[in-house]
file data_22.pdb (PDB, C-alpha atoms)
ATOM      1  CA  VAL V   6    -188.643  98.041  50.926
ATOM      2  CA  ALA V   7    -187.991 101.669  49.917
ATOM      3  CA  ALA V   8    -191.718 102.176  49.336
ATOM      4  CA  SER V   9    -192.613 100.908  52.796
ATOM      5  CA  GLY V  10    -190.032 103.296  54.381
ATOM      6  CA  ALA V  11    -191.545 106.232  52.503
ATOM      7  CA  ALA V  12    -195.043 105.156  53.560
ATOM      8  CA  ALA V  13    -193.928 104.978  57.190
ATOM      9  CA  ARG V  14    -192.529 108.522  57.025
ATOM     10  CA  GLU V  15    -195.798 109.786  55.530
ATOM     11  CA  ARG V  16    -197.730 108.255  58.461
ATOM     12  CA  LEU V  17    -195.598 110.146  61.014
ATOM     13  CA  ALA V  18    -197.292 113.351  62.013
ATOM     14  CA  PRO V  19    -194.726 116.139  62.175
ATOM     15  CA  VAL V  20    -193.602 117.116  65.642
ATOM     16  CA  THR V  21    -195.005 120.506  66.587
ATOM     17  CA  SER V  22    -192.638 123.433  66.920
ATOM     18  CA  ALA V  23    -193.793 123.904  70.533
ATOM     19  CA  SER V  24    -192.788 120.333  71.396
ATOM     20  CA  LEU V  25    -189.460 120.756  69.617
ATOM     21  CA  GLU V  26    -188.813 123.927  71.594
ATOM     22  CA  ARG V  27    -189.641 122.206  74.881
ATOM     23  CA  LEU V  28    -187.346 119.328  73.911
ATOM     24  CA  ARG V  29    -184.530 121.803  73.174
ATOM     25  CA  ASP V  30    -185.189 123.513  76.531
ATOM     26  CA  ARG V  31    -185.024 120.139  78.291
ATOM     27  CA  ILE V  32    -181.721 119.316  76.566
ATOM     28  CA  ALA V  33    -180.274 122.716  77.530
ATOM     29  CA  ALA V  34    -181.430 122.280  81.143
ATOM     30  CA  LEU V  35    -179.792 118.854  81.282
ATOM     31  CA  GLN V  36    -176.551 120.288  79.920
ATOM     32  CA  ARG V  37    -176.574 123.021  82.583
ATOM     33  CA  ARG V  38    -177.216 120.433  85.289
ATOM     34  CA  ILE V  39    -174.382 118.212  84.034
ATOM     35  CA  THR V  40    -172.010 121.183  84.013
ATOM     36  CA  LEU V  41    -172.983 122.151  87.573
ATOM     37  CA  LEU V  42    -172.552 118.592  88.827
ATOM     38  CA  ARG V  43    -169.135 118.302  87.173
ATOM     39  CA  GLU V  44    -168.051 121.533  88.873
ATOM     40  CA  GLU V  45    -169.375 120.263  92.188
ATOM     41  CA  GLN V  46    -167.536 116.970  91.670
ATOM     42  CA  GLN V  47    -164.264 118.829  91.180
ATOM     43  CA  ARG V  48    -164.814 120.797  94.403
ATOM     44  CA  SER V  49    -166.207 118.023  96.605
ATOM     45  CA  GLY V  50    -163.067 115.938  97.095
ATOM     46  CA  PRO V  51    -160.660 118.795  97.908
ATOM     47  CA  ARG V  52    -163.265 120.533 100.071
ATOM     48  CA  ALA V  53    -163.843 117.323 102.056
ATOM     49  CA  VAL V  54    -160.101 117.060 102.728
ATOM     50  CA  GLU V  55    -159.977 120.709 103.798
ATOM     51  CA  LEU V  56    -162.951 120.345 106.158
ATOM     52  CA  ARG V  57    -161.462 117.213 107.727
ATOM     53  CA  GLN V  58    -158.133 119.012 108.230
ATOM     54  CA  HIS V  59    -159.904 121.941 109.883
ATOM     55  CA  ALA V  60    -161.712 119.548 112.213
ATOM     56  CA  ASP V  61    -158.423 117.799 113.069
ATOM     57  CA  LEU V  62    -156.756 121.131 113.815
ATOM     58  CA  LEU V  63    -159.681 122.244 115.917
ATOM     59  CA  LEU V  64    -159.635 119.084 118.019
ATOM     60  CA  ALA V  65    -155.871 119.300 118.456
ATOM     61  CA  GLN V  66    -156.116 122.908 119.674
ATOM     62  CA  LEU V  67    -159.392 122.950 121.614
ATOM     63  CA  ASP V  68    -157.785 125.095 124.312
ATOM     64  CA  ARG V  69    -157.626 128.035 121.861
ATOM     65  CA  VAL V  70    -161.377 127.972 121.148
ATOM     66  CA  VAL V  71    -164.228 129.241 123.298
ATOM     67  CA  LYS V  72    -167.934 128.864 122.665
ATOM     68  CA  GLY V  73    -169.245 132.050 121.062
ATOM     69  CA  MET V  74    -166.322 132.552 118.675
ATOM     70  CA  THR V  75    -167.213 132.929 114.992
ATOM     71  CA  GLU V  76    -163.737 131.988 113.754
ATOM     72  CA  VAL V  77    -160.330 131.033 115.062
ATOM     73  CA  GLU V  78    -156.816 131.120 113.685
ATOM     74  CA  LEU V  79    -155.039 127.803 114.287
ATOM     75  CA  SER V  80    -151.533 126.510 113.648
ATOM     76  CA  ASP V  81    -151.507 124.133 110.684
ATOM     77  CA  PHE V  82    -148.515 122.116 111.975
ATOM     78  CA  ALA V  83    -146.465 123.193 108.945
ATOM     79  CA  GLY V  84    -145.452 126.585 110.295
ATOM     80  CA  GLY V  85    -148.484 128.423 108.933
ATOM     81  CA  THR V  86    -151.927 129.278 110.194
ATOM     82  CA  VAL V  87    -155.438 128.466 109.081
ATOM     83  CA  ARG V  88    -158.632 130.411 109.765
ATOM     84  CA  VAL V  89    -161.508 128.130 110.682
ATOM     85  CA  ALA V  90    -165.104 129.388 110.662
ATOM     86  CA  LEU V  91    -167.097 128.379 113.737
ATOM     87  CA  ASP V  92    -170.724 128.288 114.755
ATOM     88  CA  PRO V  93    -170.833 130.533 117.854
ATOM     89  CA  ALA V  94    -173.774 128.575 119.287
ATOM     90  CA  LEU V  95    -171.739 125.357 119.436
ATOM     91  CA  ALA V  96    -169.041 124.207 121.834
ATOM     92  CA  PRO V  97    -165.578 123.726 120.283
ATOM     93  CA  ALA V  98    -165.879 119.913 120.125
ATOM     94  CA  ASP V  99    -169.333 120.245 118.549
ATOM     95  CA  ASN V 100    -167.857 122.562 115.913
ATOM     96  CA  ALA V 101    -165.297 119.850 115.110
ATOM     97  CA  ARG V 102    -168.091 117.261 114.818
ATOM     98  CA  ARG V 103    -169.958 119.631 112.496
ATOM     99  CA  LEU V 104    -166.861 119.935 110.302
ATOM    100  CA  TYR V 105    -166.376 116.142 110.228
ATOM    101  CA  GLU V 106    -170.015 115.691 109.231
ATOM    102  CA  ALA V 107    -169.651 118.293 106.459
ATOM    103  CA  ALA V 108    -166.535 116.441 105.238
ATOM    104  CA  ARG V 109    -168.432 113.129 105.199
ATOM    105  CA  LYS V 110    -171.257 114.751 103.208
ATOM    106  CA  ARG V 111    -168.761 116.028 100.649
ATOM    107  CA  GLU V 112    -167.128 112.596 100.443
ATOM    108  CA  ARG V 113    -170.509 110.914  99.876
ATOM    109  CA  ALA V 114    -171.350 113.478  97.200
ATOM    110  CA  ALA V 115    -167.980 112.928  95.520
ATOM    111  CA  ALA V 116    -168.711 109.190  95.443
ATOM    112  CA  GLN V 117    -172.282 109.554  94.135
ATOM    113  CA  LEU V 118    -171.778 112.335  91.605
ATOM    114  CA  PRO V 119    -170.050 110.257  88.890
ATOM    115  CA  VAL V 120    -173.031 107.880  88.755
ATOM    116  CA  ARG V 121    -175.525 110.753  88.604
ATOM    117  CA  ILE V 122    -173.489 112.529  85.924
ATOM    118  CA  ARG V 123    -173.379 109.361  83.789
ATOM    119  CA  GLU V 124    -177.169 108.980  84.133
ATOM    120  CA  LEU V 125    -177.753 112.573  83.057
ATOM    121  CA  GLU V 126    -175.285 112.254  80.164
ATOM    122  CA  ALA V 127    -177.119 109.145  78.940
ATOM    123  CA  GLU V 128    -180.453 110.976  79.124
ATOM    124  CA  HIS V 129    -178.898 113.979  77.367
ATOM    125  CA  ALA V 130    -177.586 111.768  74.541
ATOM    126  CA  ARG V 131    -180.975 110.050  74.212
ATOM    127  CA  LEU V 132    -182.790 113.387  73.956
ATOM    128  CA  GLN V 133    -180.216 114.738  71.483
ATOM    129  CA  GLU V 134    -180.801 111.689  69.276
ATOM    130  CA  LEU V 135    -184.579 112.143  69.574
ATOM    131  CA  LEU V 136    -184.241 115.810  68.613
ATOM    132  CA  ALA V 137    -182.199 114.889  65.544
ATOM    133  CA  ARG V 138    -184.819 112.304  64.544
ATOM    134  CA  ALA V 139    -187.664 114.790  65.146
ATOM    135  CA  GLU V 140    -185.977 117.485  63.077
ATOM    136  CA  ALA V 141    -185.460 114.945  60.279
ATOM    137  CA  GLY V 142    -189.145 113.982  60.440
ATOM    138  CA  GLU V 143    -188.395 110.490  61.723
ATOM    139  CA  ALA V 144    -189.961 110.797  65.199
ATOM    140  CA  ARG V 145    -193.557 110.989  66.351
ATOM    141  CA  GLU V 146    -195.128 113.738  68.438
ATOM    142  CA  GLU V 147    -195.997 111.120  71.078
ATOM    143  CA  ASP V 148    -192.312 110.130  71.373
ATOM    144  CA  VAL V 149    -191.307 113.731  71.998
ATOM    145  CA  ARG V 150    -194.116 114.296  74.476
ATOM    146  CA  ALA V 151    -193.173 111.134  76.349
ATOM    147  CA  ALA V 152    -189.529 112.234  76.502
ATOM    148  CA  ILE V 153    -190.214 115.726  77.801
ATOM    149  CA  GLY V 154    -192.870 114.608  80.261
ATOM    150  CA  ALA V 155    -196.595 115.202  80.319
ATOM    151  CA  GLU V 156    -196.407 118.348  82.424
ATOM    152  CA  ARG V 157    -193.951 119.924  79.986
ATOM    153  CA  ALA V 158    -196.123 119.059  77.014
ATOM    154  CA  THR V 159    -199.188 120.901  78.323
ATOM    155  CA  ALA V 160    -199.924 124.317  76.941
ATOM    156  CA  ARG V 161    -198.808 127.281  79.011
ATOM    157  CA  GLY V 162    -201.572 128.543  81.196
ATOM    158  CA  ALA V 163    -203.448 125.245  81.039
ATOM    159  CA  PRO V 164    -204.467 124.010  84.478
ATOM    160  CA  ARG V 165    -202.157 121.343  85.894
ATOM    161  CA  ARG V 166    -202.770 119.120  88.843
ATOM    162  CA  LEU V 167    -200.159 120.057  91.423
ATOM    163  CA  LEU V 168    -198.617 117.351  93.520
ATOM    164  CA  PRO V 169    -199.208 117.755  97.258
ATOM    165  CA  TYR V 170    -195.437 118.090  97.652
ATOM    166  CA  ARG V 171    -192.443 119.703  96.013
ATOM    167  CA  ARG V 172    -189.525 117.622  94.754
ATOM    168  CA  TYR V 173    -185.906 118.636  95.051
ATOM    169  CA  ARG V 174    -182.664 116.883  94.135
ATOM    170  CA  THR V 175    -179.631 116.882  96.374
ATOM    171  CA  SER V 176    -176.192 117.306  94.881
ATOM    172  CA  GLY V 177    -175.802 113.551  95.238
ATOM    173  CA  GLY V 178    -178.901 112.924  93.132
ATOM    174  CA  LEU V 179    -181.284 111.903  95.910
ATOM    175  CA  GLU V 180    -184.877 113.069  95.694
ATOM    176  CA  VAL V 181    -186.261 115.054  98.631
ATOM    177  CA  ARG V 182    -190.000 115.603  98.945
ATOM    178  CA  VAL V 183    -191.435 118.464 100.985
ATOM    179  CA  GLY V 184    -195.153 118.826 101.569
ATOM    180  CA  ARG V 185    -196.854 122.013 100.451
ATOM    181  CA  ASN V 186    -198.619 122.283 103.813
ATOM    182  CA  ARG V 187    -198.913 120.540 107.162
ATOM    183  CA  GLU V 188    -201.446 117.965 105.924
ATOM    184  CA  ALA V 189    -199.278 117.103 102.892
ATOM    185  CA  ASN V 190    -196.252 116.671 105.164
ATOM    186  CA  ASP V 191    -198.285 114.311 107.367
ATOM    187  CA  GLU V 192    -199.377 112.360 104.296
ATOM    188  CA  LEU V 193    -195.765 112.049 103.094
ATOM    189  CA  THR V 194    -194.507 111.024 106.512
ATOM    190  CA  PHE V 195    -197.141 108.504 107.504
ATOM    191  CA  HIS V 196    -198.469 107.145 104.202
TER     192      HIS V 196
END
call {"tool": "encode", "arguments": {"input": "data_22.pdb", "output": "structure tokens"}}
result
Amino acid sequence: VAASGAAARERLAPVTSASLERLRDRIAALQRRITLLREEQQRSGPRAVELRQHADLLLAQLDRVVKGMTEVELSDFAGGTVRVALDPALAPADNARRLYEAARKRERAAAQLPVRIRELEAEHARLQELLARAEAGEAREEDVRAAIGAERATARGAPRRLLPYRRYRTSGGLEVRVGRNREANDELTFH
């Protein structure tokens, strides 16, 4: 059994230093993303409450707001005042609706972020384990390339086929695709 384990290790081609470096970069990028999402998670809940309170105050004191104002100082019903930023192009009630919508967005993000963070942490742990195996000579180059993605495994400067759209991630983890030009946007929208 020991001989077959040694033979299997001899058959593994060592992982290239370039692939190891890209794997380390991917792990570091994931860690940065996890940290940012955790920070956003901590802010989302309290910010949603604050935005909802501002909207409530605005609706309760609509007579103090005129379209065109950029901010207003409102009584917070506890003896203090609160400054509320406004969109001067919107009517007072529309500003309140905008604040309620922003609060709902924050609440949705606060609900979705824990799931996204857990997914990223699982991927981070998987890549950390792969890196440890690769550094110990127990992983194949193909495994590392598959983990870091084909586009990351290509040599710098090598031509890559660009997608007709760009991909972005929202704070809640949803993917947003934006065409690189009008035709690509039409293709995304209708096909």
call {"tool": "axis_aligned_box", "arguments": {"input": "data_22.pdb", "around": "segment 51-64 of chain V", "padding_each_side": "5 Å", "output": "lines of an AutoDock Vina configuration file"}}
result
center_x = -160.3
center_y = 119.7
center_z = 108.0
size_x = 17.1
size_y = 15.2
size_z = 30.1
call {"tool": "resolve_selection", "arguments": {"input": "data_22.pdb", "expression": "the PyMOL selection byres ((chain V and resi 56) around 8)", "output": "list in words"}}
result
Arg52, Ala53, Val54, Glu55, Arg57, Gln58, His59, Ala60, Leu104, Tyr105, Ala107 and Ala108 of chain V
call {"tool": "residues_near_point", "arguments": {"input": "data_22.pdb", "point": "(-168.8, 115.8, 98.5)", "cutoff": "9 Å", "atoms": "all atoms listed in the file", "output": "list of chain:residue names"}}
result
V:Glu45, V:Gln46, V:Arg48, V:Ser49, V:Gly50, V:Pro51, V:Arg52, V:Ala53, V:Ala107, V:Ala108, V:Arg109, V:Lys110, V:Arg111, V:Glu112, V:Arg113, V:Ala114, V:Ala115, V:Ala116, V:Gln117, V:Leu118, V:Ser176, V:Gly177
call {"tool": "resolve_selection", "arguments": {"input": "data_22.pdb", "expression": "the PyMOL selection byres ((chain V and resi 133-147) around 9)", "output": "list in words"}}
result
Arg14, Leu17, Ala18, Pro19, Val20, Thr21, Ser24, Leu25, Leu28, Arg29, Ile32, Glu128, His129, Ala130, Arg131, Leu132, Asp148, Val149, Arg150, Ala151 and Ala152 of chain V
call {"tool": "atom_distance", "arguments": {"input": "data_22.pdb", "atom1": "atom CA of Ile39 of chain V", "atom2": "atom CA of Ile122 of chain V"}}
result
6.1 Å
call {"tool": "atom_distance", "arguments": {"input": "data_22.pdb", "atom1": "atom CA of Leu63 of chain V", "atom2": "atom CA of Phe82 of chain V"}}
result
11.8 Å
call {"tool": "atom_distance", "arguments": {"input": "data_22.pdb", "atom1": "atom CA of Asp191 of chain V", "atom2": "atom CA of Pro169 of chain V"}}
result
10.7 Å
call {"tool": "residues_around", "arguments": {"input": "data_22.pdb", "residues": "Leu167 of chain V", "least_positions_apart": "5", "cutoff": "12 Å", "atoms": "only C-alpha atoms", "output": "ChimeraX atom specification"}}
result
/V:156,172,184-185,189
call {"tool": "resolve_selection", "arguments": {"input": "data_22.pdb", "expression": "the PyMOL selection byres ((chain V and resi 193) around 10)", "output": "ChimeraX atom specification"}}
result
/V:169-170,182-184,187-192,194-196
call {"tool": "build_atoms", "arguments": {"input": "data_22.pdb", "residues": "segment 96-114 of chain V", "atoms": "N, CA and C atoms", "output": "compact mmCIF listing (two decimals), in the coordinates of the input"}}
result
# COMPACT_ATOMS: atom_id res chain seq x y z
N ALA V 96 -170.28 124.37 121.07
CA ALA V 96 -169.04 124.21 121.83
C ALA V 96 -167.93 123.83 120.84
N PRO V 97 -166.68 124.03 121.19
CA PRO V 97 -165.58 123.73 120.28
C PRO V 97 -165.61 122.30 119.74
N ALA V 98 -165.84 121.31 120.59
CA ALA V 98 -165.88 119.91 120.12
C ALA V 98 -167.06 119.69 119.18
N ASP V 99 -168.17 120.36 119.44
CA ASP V 99 -169.33 120.24 118.55
C ASP V 99 -169.04 120.88 117.19
N ASN V 100 -168.27 121.96 117.18
CA ASN V 100 -167.86 122.56 115.91
C ASN V 100 -167.00 121.57 115.12
N ALA V 101 -166.12 120.86 115.80
CA ALA V 101 -165.30 119.85 115.11
C ALA V 101 -166.18 118.75 114.54
N ARG V 102 -167.16 118.29 115.32
CA ARG V 102 -168.09 117.26 114.82
C ARG V 102 -168.85 117.76 113.60
N ARG V 103 -169.25 119.04 113.64
CA ARG V 103 -169.96 119.63 112.50
C ARG V 103 -169.06 119.62 111.26
N LEU V 104 -167.79 119.94 111.43
CA LEU V 104 -166.86 119.94 110.30
C LEU V 104 -166.64 118.52 109.77
N TYR V 105 -166.52 117.54 110.67
CA TYR V 105 -166.38 116.14 110.23
C TYR V 105 -167.61 115.69 109.44
N GLU V 106 -168.78 116.06 109.94
CA GLU V 106 -170.02 115.69 109.23
C GLU V 106 -170.06 116.35 107.85
N ALA V 107 -169.69 117.61 107.75
CA ALA V 107 -169.65 118.29 106.46
C ALA V 107 -168.65 117.60 105.52
N ALA V 108 -167.53 117.16 106.05
CA ALA V 108 -166.54 116.44 105.24
C ALA V 108 -167.12 115.12 104.74
N ARG V 109 -167.82 114.39 105.62
CA ARG V 109 -168.43 113.13 105.20
C ARG V 109 -169.47 113.35 104.12
N LYS V 110 -170.26 114.43 104.24
CA LYS V 110 -171.26 114.75 103.21
C LYS V 110 -170.58 114.99 101.86
N ARG V 111 -169.50 115.76 101.88
CA ARG V 111 -168.76 116.03 100.65
C ARG V 111 -168.18 114.74 100.06
N GLU V 112 -167.68 113.86 100.92
CA GLU V 112 -167.13 112.60 100.44
C GLU V 112 -168.21 111.73 99.81
N ARG V 113 -169.40 111.68 100.45
CA ARG V 113 -170.51 110.91 99.88
C ARG V 113 -170.92 111.51 98.53
N ALA V 114 -170.99 112.83 98.46
CA ALA V 114 -171.35 113.48 97.20
C ALA V 114 -170.32 113.16 96.13
